[in-house]
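As stored in input.tsv (TSV, C-alpha atoms and all ligand atoms):
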chain	number	residue	atom	x	y	z
A	1	MET	CA	5.64	-1.59	-24.16
A	2	LYS	CA	9.08	-1.85	-22.55
A	3	ALA	CA	9.14	-3.05	-18.95
A	4	ILE	CA	11.69	-4.39	-16.49
A	5	ILE	CA	10.77	-7.81	-15.14
A	6	LEU	CA	12.21	-9.49	-12.07
A	7	ASP	CA	12.54	-13.22	-12.72
A	8	SER	CA	13.01	-16.20	-10.42
A	9	ASP	CA	16.78	-15.98	-10.99
A	10	ASN	CA	16.65	-12.53	-9.24
A	11	ASP	CA	17.77	-10.76	-12.42
A	12	TYR	CA	16.12	-7.65	-13.78
A	13	ARG	CA	15.52	-7.83	-17.54
A	14	LEU	CA	14.24	-5.19	-19.94
A	15	THR	CA	11.60	-6.83	-22.10
A	16	ASP	CA	8.40	-6.22	-24.12
A	17	ILE	CA	5.01	-6.89	-22.55
A	18	ASP	CA	1.43	-5.85	-23.29
A	19	GLU	CA	0.46	-2.37	-22.20
A	20	PRO	CA	-1.99	-2.54	-19.26
A	21	ALA	CA	-5.41	-0.82	-19.37
A	22	PRO	CA	-6.79	0.91	-16.27
A	23	GLY	CA	-9.62	-0.81	-14.40
A	24	PRO	CA	-12.27	0.92	-12.27
A	25	GLY	CA	-10.72	3.57	-10.01
A	26	GLU	CA	-7.33	3.37	-11.74
A	27	VAL	CA	-5.28	5.59	-13.99
A	28	ALA	CA	-2.61	4.67	-16.56
A	29	ILE	CA	0.56	6.75	-16.37
A	30	LYS	CA	3.30	7.12	-18.97
A	31	VAL	CA	6.23	6.80	-16.60
A	32	ALA	CA	8.90	9.47	-16.76
A	33	TRP	CA	10.84	8.54	-13.60
A	34	ALA	CA	10.53	5.78	-11.00
A	35	GLY	CA	11.75	5.93	-7.41
A	36	ILE	CA	13.92	3.21	-5.88
A	37	GLN	CA	13.24	2.32	-2.25
A	38	TRP	CA	14.07	-0.27	0.39
A	39	GLY	CA	10.97	-2.27	-0.60
A	40	ASP	CA	12.73	-3.06	-3.89
A	41	THR	CA	15.50	-4.82	-1.99
A	42	MET	CA	12.89	-6.73	0.05
A	43	VAL	CA	11.05	-7.84	-3.10
A	44	ARG	CA	14.29	-8.88	-4.81
A	45	ASP	CA	15.45	-10.78	-1.72
A	46	GLY	CA	12.17	-12.69	-1.50
A	47	HIS	CA	10.65	-11.08	1.61
A	48	PHE	CA	7.33	-10.47	-0.17
A	49	PRO	CA	5.60	-13.51	-1.70
A	50	VAL	CA	5.23	-12.10	-5.24
A	51	PRO	CA	5.04	-14.74	-8.00
A	52	ARG	CA	7.80	-14.28	-10.61
A	53	PRO	CA	8.20	-12.97	-13.22
A	54	PHE	CA	6.60	-9.64	-12.53
A	55	VAL	CA	7.25	-5.94	-13.07
A	56	PRO	CA	8.43	-4.34	-9.80
A	57	GLY	CA	8.50	-0.63	-8.93
A	58	PHE	CA	6.50	1.15	-6.22
A	59	GLU	CA	6.70	4.84	-7.12
A	60	ALA	CA	6.32	6.63	-10.42
A	61	SER	CA	5.96	10.05	-11.92
A	62	GLY	CA	4.75	10.96	-15.38
A	63	HIS	CA	1.58	11.95	-17.19
A	64	ILE	CA	-1.83	10.27	-17.01
A	65	THR	CA	-2.67	8.74	-20.42
A	66	ALA	CA	-5.97	6.99	-19.65
A	67	VAL	CA	-8.46	6.60	-16.81
A	68	GLY	CA	-10.70	3.72	-15.74
A	69	ALA	CA	-14.37	3.80	-14.82
A	70	GLY	CA	-15.20	6.27	-12.07
A	71	VAL	CA	-12.16	8.49	-12.63
A	72	ASP	CA	-12.54	12.02	-13.99
A	73	PRO	CA	-11.49	11.91	-17.69
A	74	ALA	CA	-10.24	15.49	-17.31
A	75	ARG	CA	-7.25	14.00	-15.45
A	76	VAL	CA	-5.79	12.71	-18.75
A	77	GLY	CA	-2.63	14.72	-19.43
A	78	GLU	CA	-2.09	15.60	-15.75
A	79	PRO	CA	1.53	15.41	-14.46
A	80	VAL	CA	1.48	13.19	-11.35
A	81	ALA	CA	3.32	11.49	-8.50
A	82	ALA	CA	1.89	8.00	-7.98
A	83	LEU	CA	2.14	5.30	-5.31
A	84	THR	CA	1.81	1.84	-6.86
A	85	THR	CA	1.87	-1.72	-5.56
A	86	SER	CA	4.14	-2.81	-8.47
A	87	GLY	CA	4.79	-2.05	-12.11
A	88	ALA	CA	6.50	1.36	-11.95
A	89	PHE	CA	9.64	0.12	-13.77
A	90	ALA	CA	7.82	0.19	-17.11
A	91	GLU	CA	6.79	2.60	-19.84
A	92	THR	CA	3.22	2.56	-18.52
A	93	VAL	CA	2.02	1.78	-15.00
A	94	LEU	CA	-1.42	1.51	-13.44
A	95	ALA	CA	-2.06	3.25	-10.14
A	96	PRO	CA	-5.09	3.84	-7.94
A	97	ALA	CA	-6.48	7.27	-8.83
A	98	VAL	CA	-6.71	8.14	-5.12
A	99	LEU	CA	-2.95	7.61	-4.67
A	100	THR	CA	-2.04	9.49	-7.85
A	101	LEU	CA	-1.42	13.10	-6.86
A	102	PRO	CA	-1.21	16.09	-9.16
A	103	ALA	CA	2.50	16.99	-9.24
A	104	GLY	CA	1.70	20.64	-9.88
A	105	THR	CA	4.93	22.64	-9.96
A	106	VAL	CA	7.05	19.80	-8.54
A	107	PRO	CA	9.47	18.51	-11.25
A	108	LEU	CA	8.74	14.94	-12.35
A	109	ARG	CA	12.17	13.70	-11.24
A	110	THR	CA	11.47	14.98	-7.72
A	111	ALA	CA	7.88	13.66	-7.88
A	112	ALA	CA	9.21	10.11	-8.42
A	113	GLY	CA	11.68	10.51	-5.53
A	114	PHE	CA	8.77	11.66	-3.35
A	115	GLY	CA	7.36	8.11	-3.52
A	116	TRP	CA	6.14	6.30	-0.41
A	117	GLY	CA	9.00	7.77	1.62
A	118	ALA	CA	7.65	11.31	1.88
A	119	PRO	CA	4.12	10.43	3.06
A	120	THR	CA	5.70	7.88	5.43
A	121	ALA	CA	8.05	10.50	6.90
A	122	TYR	CA	5.12	12.94	7.18
A	123	ASP	CA	2.91	10.37	8.92
A	124	LEU	CA	5.67	9.21	11.29
A	125	VAL	CA	6.10	12.79	12.51
A	126	HIS	CA	2.51	14.06	12.37
A	127	THR	CA	-0.01	11.25	12.71
A	128	VAL	CA	1.97	8.50	14.48
A	129	THR	CA	4.33	10.08	17.04
A	130	ARG	CA	2.78	13.58	16.86
A	131	VAL	CA	6.02	15.51	17.32
A	132	ARG	CA	5.36	18.65	19.39
A	133	PRO	CA	7.29	21.92	19.57
A	134	GLY	CA	10.24	21.41	21.90
A	135	ASP	CA	10.42	17.61	21.45
A	136	SER	CA	13.71	15.77	21.01
A	137	VAL	CA	13.72	13.25	18.16
A	138	LEU	CA	16.08	10.36	17.35
A	139	ILE	CA	16.08	9.20	13.71
A	140	HIS	CA	17.73	5.97	12.58
A	141	ALA	CA	18.96	5.59	8.97
A	142	ALA	CA	19.00	9.39	9.01
A	143	ALA	CA	20.91	9.74	5.73
A	144	GLY	CA	18.39	7.62	3.79
A	145	GLY	CA	15.26	8.37	1.78
A	146	VAL	CA	12.78	8.35	4.68
A	147	GLY	CA	15.34	9.57	7.24
A	148	THR	CA	16.32	12.79	5.46
A	149	LEU	CA	12.63	13.67	5.01
A	150	ALA	CA	11.68	12.75	8.58
A	151	ALA	CA	14.38	15.05	9.95
A	152	GLN	CA	12.98	17.95	7.91
A	153	PHE	CA	9.35	17.26	8.90
A	154	ALA	CA	10.40	16.99	12.55
A	155	ARG	CA	12.10	20.40	12.36
A	156	LEU	CA	9.03	21.89	10.69
A	157	ALA	CA	6.89	20.45	13.50
A	158	GLY	CA	9.03	22.37	15.98
A	159	ALA	CA	11.37	19.68	17.30
A	160	ALA	CA	13.98	21.37	19.48
A	161	ARG	CA	16.60	18.68	18.97
A	162	VAL	CA	17.04	16.14	16.18
A	163	VAL	CA	19.72	13.46	16.40
A	164	GLY	CA	20.46	10.92	13.67
A	165	VAL	CA	22.07	7.49	13.56
A	166	VAL	CA	24.03	6.74	10.37
A	167	GLY	CA	26.42	4.14	8.97
A	168	SER	CA	29.52	6.21	8.21
A	169	ALA	CA	31.27	9.55	8.75
A	170	ALA	CA	30.41	10.52	5.16
A	171	LYS	CA	26.74	9.89	5.88
A	172	ALA	CA	26.98	11.90	9.12
A	173	ALA	CA	28.27	14.89	7.14
A	174	TYR	CA	25.53	14.42	4.51
A	175	ALA	CA	22.70	14.01	7.04
A	176	ALA	CA	23.77	17.19	8.85
A	177	GLY	CA	22.37	19.09	5.84
A	178	PHE	CA	18.81	18.07	6.80
A	179	GLY	CA	18.59	19.80	10.17
A	180	LEU	CA	20.32	17.36	12.51
A	181	ASP	CA	21.92	18.71	15.67
A	182	ARG	CA	24.11	15.66	15.83
A	183	ALA	CA	24.76	12.37	14.06
A	184	VAL	CA	25.98	9.26	15.83
A	185	LEU	CA	27.61	6.34	14.02
A	186	ARG	CA	25.64	3.11	13.99
A	187	GLU	CA	28.62	1.23	15.46
A	188	GLU	CA	28.64	3.70	18.39
A	189	PHE	CA	24.93	3.30	19.12
A	190	PRO	CA	23.74	3.56	21.87
A	191	ALA	CA	26.87	4.41	23.92
A	192	GLY	CA	27.68	7.39	21.68
A	193	LEU	CA	24.46	9.09	22.81
A	194	ASP	CA	25.96	9.57	26.29
A	195	GLY	CA	22.72	8.62	28.04
A	196	GLU	CA	20.51	11.14	26.20
A	197	ARG	CA	16.78	10.33	26.21
A	198	PHE	CA	14.29	11.18	23.46
A	199	ASP	CA	10.63	12.15	23.27
A	200	VAL	CA	10.32	10.51	19.86
A	201	ILE	CA	12.33	7.73	18.20
A	202	LEU	CA	11.83	6.66	14.58
A	203	ASP	CA	12.97	3.06	14.20
A	204	PRO	CA	13.13	1.24	10.85
A	205	VAL	CA	15.87	-1.07	12.18
A	206	GLY	CA	14.30	-3.58	14.60
A	207	GLY	CA	16.12	-6.32	16.53
A	208	ARG	CA	18.53	-5.28	19.29
A	209	THR	CA	18.40	-1.67	18.13
A	210	ARG	CA	14.66	-1.58	18.88
A	211	GLN	CA	15.28	-3.01	22.36
A	212	GLU	CA	17.87	-0.28	22.96
A	213	ASN	CA	15.48	2.35	21.62
A	214	LEU	CA	12.83	1.39	24.16
A	215	ARG	CA	15.38	2.14	26.89
A	216	LEU	CA	16.19	5.52	25.31
A	217	LEU	CA	12.64	6.88	25.55
A	218	ALA	CA	12.07	9.86	27.83
A	219	PRO	CA	8.98	9.80	30.07
A	220	HIS	CA	5.88	9.88	27.79
A	221	GLY	CA	8.17	9.08	24.84
A	222	ARG	CA	6.87	7.52	21.59
A	223	LEU	CA	8.76	4.95	19.55
A	224	ALA	CA	7.55	4.35	15.99
A	225	ALA	CA	8.58	0.96	14.56
A	226	TYR	CA	8.27	1.10	10.77
A	227	GLY	CA	10.80	-1.28	9.27
A	228	ASN	CA	13.11	-4.24	9.84
A	229	LEU	CA	16.40	-3.24	8.27
A	230	ALA	CA	18.38	-5.46	10.66
A	231	GLY	CA	16.14	-8.53	10.32
A	232	TYR	CA	12.87	-10.00	11.46
A	233	GLU	CA	13.59	-11.41	14.92
A	234	PRO	CA	10.65	-10.68	17.23
A	235	VAL	CA	11.08	-7.75	19.62
A	236	LEU	CA	9.16	-8.15	22.86
A	237	ALA	CA	8.23	-5.15	24.99
A	238	ASP	CA	7.14	-5.17	28.63
A	239	THR	CA	3.96	-3.06	28.62
A	240	ASN	CA	4.12	-2.66	32.41
A	241	GLU	CA	7.55	-1.04	32.06
A	242	LEU	CA	6.22	1.20	29.28
A	243	LEU	CA	3.23	2.13	31.45
A	244	MET	CA	5.46	3.18	34.35
A	245	GLN	CA	7.17	5.61	31.96
A	246	GLY	CA	3.96	6.65	30.18
A	247	ALA	CA	5.81	5.55	27.03
A	248	SER	CA	4.27	4.18	23.82
A	249	LEU	CA	5.39	1.69	21.20
A	250	LEU	CA	3.66	2.54	17.93
A	251	THR	CA	3.87	1.04	14.45
A	252	TYR	CA	3.28	2.35	10.94
A	253	ASN	CA	2.53	0.42	7.75
A	254	SER	CA	1.82	2.59	4.70
A	255	ASN	CA	1.23	-0.41	2.46
A	256	LEU	CA	-1.56	-1.65	4.73
A	257	LEU	CA	-2.91	1.89	5.08
A	258	SER	CA	-3.11	2.20	1.28
A	259	ARG	CA	-5.46	-0.80	1.25
A	260	THR	CA	-7.54	-0.11	4.38
A	261	HIS	CA	-7.72	3.72	4.37
A	262	PRO	CA	-6.31	4.99	1.05
A	263	GLU	CA	-7.88	8.42	1.58
A	264	ARG	CA	-5.94	8.86	4.83
A	265	LEU	CA	-2.65	8.03	3.12
A	266	ALA	CA	-3.56	10.30	0.20
A	267	GLU	CA	-4.26	13.19	2.58
A	268	SER	CA	-0.83	12.80	4.20
A	269	ALA	CA	0.77	12.51	0.76
A	270	ARG	CA	-0.97	15.73	-0.38
A	271	ARG	CA	0.32	17.57	2.69
A	272	ALA	CA	3.83	16.22	2.21
A	273	LEU	CA	3.81	17.15	-1.49
A	274	GLU	CA	2.63	20.64	-0.60
A	275	SER	CA	5.66	21.01	1.70
A	276	VAL	CA	7.91	19.92	-1.17
A	277	ALA	CA	6.21	22.33	-3.59
A	278	GLN	CA	6.62	25.18	-1.07
A	279	GLY	CA	10.31	24.40	-0.68
A	280	GLU	CA	9.88	23.62	3.04
A	281	VAL	CA	11.10	20.07	2.54
A	282	ARG	CA	13.64	18.75	0.05
A	283	VAL	CA	13.56	15.33	-1.65
A	284	ASP	CA	17.28	14.88	-2.18
A	285	ILE	CA	18.02	12.77	-5.24
A	286	THR	CA	21.70	11.88	-5.31
A	287	ALA	CA	21.74	9.09	-7.90
A	288	GLN	CA	19.90	8.46	-11.15
A	289	TYR	CA	20.06	5.30	-13.23
A	290	GLU	CA	19.02	4.01	-16.65
A	291	PRO	CA	16.73	0.93	-16.93
A	292	ALA	CA	19.67	-1.41	-17.67
A	293	GLU	CA	21.25	-0.35	-14.36
A	294	LEU	CA	18.33	-1.23	-12.07
A	295	GLY	CA	20.04	-4.31	-10.60
A	296	ARG	CA	23.08	-2.24	-9.66
A	297	ALA	CA	20.87	0.52	-8.23
A	298	VAL	CA	18.97	-1.89	-5.95
A	299	GLN	CA	22.22	-3.53	-4.85
A	300	GLN	CA	23.73	-0.13	-3.96
A	301	LEU	CA	20.72	0.55	-1.73
A	302	ARG	CA	20.95	-2.93	-0.19
A	303	GLU	CA	24.63	-2.38	0.66
A	304	GLY	CA	24.00	0.96	2.37
A	305	ALA	CA	25.99	2.78	-0.31
A	306	THR	CA	23.27	5.35	-1.12
A	307	PHE	CA	22.61	8.83	0.23
A	308	GLY	CA	19.10	10.31	0.22
A	309	LYS	CA	17.09	9.04	-2.73
A	310	SER	CA	17.82	7.19	-6.01
A	311	VAL	CA	15.63	7.28	-9.12
A	312	LEU	CA	15.42	5.47	-12.46
A	313	ARG	CA	14.85	7.34	-15.72
A	314	MET	CA	12.13	5.53	-17.68
A	315	SER	CA	11.60	7.98	-20.56
B	401	LIG	N1	6.36	1.15	7.29
B	401	LIG	C1	6.24	1.87	6.19
B	401	LIG	O1	5.15	2.26	5.80
B	401	LIG	C2	7.46	2.22	5.40
B	401	LIG	C3	7.38	3.02	4.26
B	401	LIG	C4	8.56	3.36	3.58
B	401	LIG	C5	9.78	2.87	4.05
B	401	LIG	N2	9.79	2.08	5.15
B	401	LIG	C6	11.05	1.57	5.70
B	401	LIG	O2	11.91	2.67	5.91
B	401	LIG	C7	13.25	2.22	5.87
B	401	LIG	C8	14.05	3.13	4.97
B	401	LIG	O3	13.60	2.97	3.63
B	401	LIG	P1	14.27	3.83	2.46
B	401	LIG	O4	13.66	3.34	1.19
B	401	LIG	O5	14.20	5.26	2.80
B	401	LIG	O6	15.78	3.31	2.51
B	401	LIG	P2	17.09	4.16	2.91
B	401	LIG	O7	16.93	4.66	4.30
B	401	LIG	O8	17.40	5.12	1.82
B	401	LIG	O9	18.19	3.03	2.85
B	401	LIG	C9	18.33	2.15	3.91
B	401	LIG	C10	19.42	2.62	4.89
B	401	LIG	O10	19.26	1.87	6.08
B	401	LIG	C11	20.51	1.72	6.71
B	401	LIG	N3	20.66	0.29	7.01
B	401	LIG	C12	20.78	-0.73	6.15
B	401	LIG	N4	20.92	-1.89	6.80
B	401	LIG	C13	20.88	-1.59	8.11
B	401	LIG	C14	20.97	-2.36	9.30
B	401	LIG	N5	21.14	-3.69	9.27
B	401	LIG	N6	20.87	-1.71	10.47
B	401	LIG	C15	20.71	-0.37	10.54
B	401	LIG	N7	20.63	0.42	9.44
B	401	LIG	C16	20.70	-0.20	8.25
B	401	LIG	C17	21.58	2.19	5.74
B	401	LIG	O11	21.97	3.50	6.16
B	401	LIG	P3	23.32	3.72	7.03
B	401	LIG	O12	24.43	3.19	6.19
B	401	LIG	O13	23.37	5.19	7.26
B	401	LIG	O14	23.14	2.95	8.32
B	401	LIG	C18	20.83	2.30	4.42
B	401	LIG	O15	21.34	3.31	3.59
B	401	LIG	C19	13.17	0.75	5.41
B	401	LIG	O16	13.23	-0.09	6.54
B	401	LIG	C20	11.81	0.65	4.78
B	401	LIG	O17	11.30	-0.66	4.80
B	401	LIG	C21	8.67	1.76	5.83
Here is a file; write its structure as structure tokens.
Amino acid sequence: MKAIILDSDNDYRLTDIDEPAPGPGEVAIKVAWAGIQWGDTMVRDGHFPVPRPFVPGFEASGHITAVGAGVDPARVGEPVAALTTSGAFAETVLAPAVLTLPAGTVPLRTAAGFGWGAPTAYDLVHTVTRVRPGDSVLIHAAAGGVGTLAAQFARLAGAARVVGVVGSAAKAAYAAGFGLDRAVLREEFPAGLDGERFDVILDPVGGRTRQENLRLLAPHGRLAAYGNLAGYEPVLADTNELLMQGASLLTYNSNLLSRTHPERLAESARRALESVAQGEVRVDITAQYEPAELGRAVQQLREGATFGKSVLRMS
């Protein structure tokens, strides 16, 4: 089958490899579309210790073509959205059956864009920070894949005010379409917030931004750390200071959750997909690429040049 491999020279190459067969608890999927996400930039830039060459790609949509032991054979032929640990940039990918959701009425292009970002956004709002009606929410990288979804889930949960932080005026205008009351430019953070405090802050940035975020929490506020866009320097928090404010520093790691409690992640993914199917939440795909363009697509994401979600057409 055709697959895109990432080699030790950091180049993506379309090549022929053997088609994989599903093991116990797995399904094989003929990939229609694959989602592109920040994890692809991390893999390419060497932040995950994956031996090269290998086939990257974390999110796929398509039809199930075969099932492994313990998986209902009636699933063959089902259109699905799947969360994978690698391999989605190929004609066929293997995925855990539990993290392979029936796409139902959701178009396959959207189902690939759904990826890890939608369950992550759902969990950040519902199971991690537990946004309540009336809460104010600050969302960093608000014009991105997770950010645009998190803003919509926060609104659905009843947030009274949603503010985003974005990298440019064009992104501020774009992010406004996802229910933001206001967008602040990254270069104006935090001064541009004019001292506003937030009940919930979603922070994929880290570093100095995370330190600032801790100071922006309202009493009983919850900060969810879920990424390190700005780098990996440790961020130390004074728990006594947090205690005086009744504030909480929380973290979220969907990759770990998929290995320790896959059913929990699958349940959040099902709920998120239901919201997409109902039209309550929109996965906004603004760029689609062909396999030969994957390197350019990942670089665009790395440079902050993307809006919403990008996908790759595999077949
Ligand atoms: N923990 C989890 O389970 C989990 C799951 C999924 C994703 N994530 C994390 O969620 C984040 C977003 O992922 P995504 O795939 O949806 O990507 P994305 O938000 O579509 O793209 C990343 C965006 O981050 C902003 N950015 C880039 N470098 C930055 C920096 N140094 N400081 C501040 N902002 C920066 C840019 O937006 P602007 O130009 O608007 O600033 C860029 O467009 C990533 O950190 C990813 O690792 C975590």
Legend entry - Selection: 7 Å around Thr148 of chain A, only C-alpha atoms, excl. self and same-chain fewer than 3 positions, as a PyMOL selection string: chain A and resi 142-145+151-152+175+178+308
Inset, instruction - Take the point (22.3, 5.3, 12.0) as written in the file and pick out every residue within 9 Å of it, counting only C-alpha atoms; give the list as a PyMOL selection string. - result: chain A and resi 139-143+164-168+171-172+183-187+189
Dump as a short mmCIF file (atom, residue, chain, number, x, y, z; two decimals), in the frame of the given file, selection limited to C-alpha atoms:
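Listing of again34.cif after writing:
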data_model
loop_
_atom_site.label_atom_id
_atom_site.label_comp_id
_atom_site.auth_asym_id
_atom_site.auth_seq_id
_atom_site.Cartn_x
_atom_site.Cartn_y
_atom_site.Cartn_z
CA ILE A 139 16.08 9.20 13.71
CA HIS A 140 17.73 5.97 12.58
CA ALA A 141 18.96 5.59 8.97
CA ALA A 142 19.00 9.39 9.01
CA ALA A 143 20.91 9.74 5.73
CA GLY A 164 20.46 10.92 13.67
CA VAL A 165 22.07 7.49 13.56
CA VAL A 166 24.03 6.74 10.37
CA GLY A 167 26.42 4.14 8.97
CA SER A 168 29.52 6.21 8.21
CA LYS A 171 26.74 9.89 5.88
CA ALA A 172 26.98 11.90 9.12
CA ALA A 183 24.76 12.37 14.06
CA VAL A 184 25.98 9.26 15.83
CA LEU A 185 27.61 6.34 14.02
CA ARG A 186 25.64 3.11 13.99
CA GLU A 187 28.62 1.23 15.46
CA PHE A 189 24.93 3.30 19.12
#
Given only C-alpha atoms, how would the per-residue table for segment 99-167 of chain A near segment 224-242 of chain A read, listing every residue at most 8 Å away with its closest atom pair and distance in Å to one decimal, sorted by chain and number, as CSV?
residue,atom,partner,partner_atom,distance
A:Leu124,CA,A:Ala224,CA,7.0
A:Val128,CA,A:Ala224,CA,7.1
A:Thr129,CA,A:Ala224,CA,6.7
Writer output for current selection, C-alpha atoms, as a PDB file, in the frame of the given file:
ATOM      1  CA  LEU A 124       5.670   9.210  11.290  1.00  0.00           C
ATOM      2  CA  VAL A 128       1.970   8.500  14.480  1.00  0.00           C
ATOM      3  CA  THR A 129       4.330  10.080  17.040  1.00  0.00           C
TER       4      THR A 129
END
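Straight-line separation from atom CA of Gln278 of chain A to atom CA of Val27 of chain A: 26.3 Å.
When atom CA of His63 of chain A is paired with atom CA of Met314 of chain A, their separation reads 12.4 Å.
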Neighbour list for Ala218 of chain A as a PDB file with C-alpha atoms, in the coordinates of the input, cut-off 10 Å, all atoms listed in the file, skip fewer than 4 positions in-chain:
ATOM      1  CA  SER A 136      13.710  15.770  21.010  1.00  0.00           C
ATOM      2  CA  GLU A 196      20.510  11.140  26.200  1.00  0.00           C
ATOM      3  CA  ARG A 197      16.780  10.330  26.210  1.00  0.00           C
ATOM      4  CA  PHE A 198      14.290  11.180  23.460  1.00  0.00           C
ATOM      5  CA  ASP A 199      10.630  12.150  23.270  1.00  0.00           C
ATOM      6  CA  VAL A 200      10.320  10.510  19.860  1.00  0.00           C
ATOM      7  CA  ILE A 201      12.330   7.730  18.200  1.00  0.00           C
ATOM      8  CA  LEU A 214      12.830   1.390  24.160  1.00  0.00           C
ATOM      9  CA  ARG A 222       6.870   7.520  21.590  1.00  0.00           C
ATOM     10  CA  GLN A 245       7.170   5.610  31.960  1.00  0.00           C
ATOM     11  CA  GLY A 246       3.960   6.650  30.180  1.00  0.00           C
ATOM     12  CA  ALA A 247       5.810   5.550  27.030  1.00  0.00           C
TER      13      ALA A 247
END
Legend entry - Pick from A:Leu138, A:Val311, A:Val98, A:Leu273 nearest to Tyr289 of chain A, counting only C-alpha atoms: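 Checking each candidate against Tyr289 of chain A, we get A:Val311 as the closest.
The closest residue to Phe89 of chain A, picked from A:Ala269, A:Met1, A:Met244, A:Leu193 and counting all atoms listed in the file, is A:Met1.
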Would you kindly identify which residues have an atom no farther than 12 Å from (21.9, -0.3, -10.2), using all atoms listed in the file and the file's own coordinates, and write them out as a PDB file with C-alpha atoms, in the frame of the given file?
ATOM      1  CA  ASP A  11      17.770 -10.760 -12.420  1.00  0.00           C
ATOM      2  CA  TYR A  12      16.120  -7.650 -13.780  1.00  0.00           C
ATOM      3  CA  ILE A  36      13.920   3.210  -5.880  1.00  0.00           C
ATOM      4  CA  ASP A  40      12.730  -3.060  -3.890  1.00  0.00           C
ATOM      5  CA  THR A  41      15.500  -4.820  -1.990  1.00  0.00           C
ATOM      6  CA  ALA A 287      21.740   9.090  -7.900  1.00  0.00           C
ATOM      7  CA  GLN A 288      19.900   8.460 -11.150  1.00  0.00           C
ATOM      8  CA  TYR A 289      20.060   5.300 -13.230  1.00  0.00           C
ATOM      9  CA  GLU A 290      19.020   4.010 -16.650  1.00  0.00           C
ATOM     10  CA  PRO A 291      16.730   0.930 -16.930  1.00  0.00           C
ATOM     11  CA  ALA A 292      19.670  -1.410 -17.670  1.00  0.00           C
ATOM     12  CA  GLU A 293      21.250  -0.350 -14.360  1.00  0.00           C
ATOM     13  CA  LEU A 294      18.330  -1.230 -12.070  1.00  0.00           C
ATOM     14  CA  GLY A 295      20.040  -4.310 -10.600  1.00  0.00           C
ATOM     15  CA  ARG A 296      23.080  -2.240  -9.660  1.00  0.00           C
ATOM     16  CA  ALA A 297      20.870   0.520  -8.230  1.00  0.00           C
ATOM     17  CA  VAL A 298      18.970  -1.890  -5.950  1.00  0.00           C
ATOM     18  CA  GLN A 299      22.220  -3.530  -4.850  1.00  0.00           C
ATOM     19  CA  GLN A 300      23.730  -0.130  -3.960  1.00  0.00           C
ATOM     20  CA  LEU A 301      20.720   0.550  -1.730  1.00  0.00           C
ATOM     21  CA  ARG A 302      20.950  -2.930  -0.190  1.00  0.00           C
ATOM     22  CA  GLU A 303      24.630  -2.380   0.660  1.00  0.00           C
ATOM     23  CA  ALA A 305      25.990   2.780  -0.310  1.00  0.00           C
ATOM     24  CA  THR A 306      23.270   5.350  -1.120  1.00  0.00           C
ATOM     25  CA  SER A 310      17.820   7.190  -6.010  1.00  0.00           C
ATOM     26  CA  VAL A 311      15.630   7.280  -9.120  1.00  0.00           C
ATOM     27  CA  LEU A 312      15.420   5.470 -12.460  1.00  0.00           C
ATOM     28  CA  ARG A 313      14.850   7.340 -15.720  1.00  0.00           C
TER      29      ARG A 313
END
Legend entry - Selected residue, from A:His261, A:Val55, A:Ala176, A:Trp38, that lies nearest to Asp7 of chain A when counting only C-alpha atoms: A:Val55
Legend entry - Point-to-point distance from atom CA of Pro96 of chain A to atom CA of Gly25 of chain A, Å rounded to tenths: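 Result for atom CA of Pro96 of chain A versus atom CA of Gly25 of chain A: 6.0 Å, one decimal.
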Inset, instruction - Could you tell me which of A:Glu280, A:Asp72, A:Asp135, A:Asp123 comes closest to ligand LIG 401 (chain B) if we count all atoms listed in the file? - result: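 Distance minimum relative to ligand LIG 401 (chain B) lands on A:Asp123.
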For segment 7-16 of chain A, take all atoms listed in the file, fit an axis-aligned box around them, add 8 Å to each of the six sides, then output centre and edge lengths in Å rounded to one decimal, as lines of an AutoDock Vina configuration file.
center_x = 13.1
center_y = -10.7
center_z = -16.7
size_x = 25.4
size_y = 27.0
size_z = 30.9
Legend entry - Minimum-distance residue to Ser315 of chain A, chosen among A:Ser254, A:Gln37, A:Thr92, A:Ser248 (using all atoms listed in the file): A:Thr92
Inset, instruction - Tell me which protein, DNA and RNA residues are within 7 Å of Leu149 of chain A, counting only C-alpha atoms, leaving out same-chain ones fewer than 5 positions away, and put them as a ChimeraX atom specification. - result: /A:118,121,283
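Distances here use only C-alpha atoms; by that measure, the residue among A:Val146, A:Gly77, A:Val163, A:Arg215 closest to Gly192 of chain A is A:Val163.
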Legend entry - Spatial neighbours of Pro53 of chain A, max dist 10 Å, only C-alpha atoms, sep filter under 3 positions, as a ChimeraX atom specification: /A:4-13,50,56
Could you write segment 245-249 of chain A of the block just shown to a file containing N, CA and C atoms, as a PDB file, in the first residue's frame?
ATOM      1  N   GLN A 245      -6.604  31.396  47.186  1.00  0.00           N
ATOM      2  CA  GLN A 245      -7.594  31.828  46.183  1.00  0.00           C
ATOM      3  C   GLN A 245      -8.606  30.725  45.874  1.00  0.00           C
ATOM      4  N   GLY A 246      -8.424  29.553  46.485  1.00  0.00           N
ATOM      5  CA  GLY A 246      -9.288  28.412  46.155  1.00  0.00           C
ATOM      6  C   GLY A 246      -9.131  28.003  44.706  1.00  0.00           C
ATOM      7  N   ALA A 247      -7.961  28.337  44.111  1.00  0.00           N
ATOM      8  CA  ALA A 247      -7.752  28.113  42.672  1.00  0.00           C
ATOM      9  C   ALA A 247      -7.080  26.764  42.430  1.00  0.00           C
ATOM     10  N   SER A 248      -7.263  26.226  41.225  1.00  0.00           N
ATOM     11  CA  SER A 248      -6.715  24.908  40.896  1.00  0.00           C
ATOM     12  C   SER A 248      -5.924  24.946  39.601  1.00  0.00           C
ATOM     13  N   LEU A 249      -4.785  24.246  39.620  1.00  0.00           N
ATOM     14  CA  LEU A 249      -3.993  24.027  38.412  1.00  0.00           C
ATOM     15  C   LEU A 249      -4.196  22.573  38.011  1.00  0.00           C
TER      16      LEU A 249
END
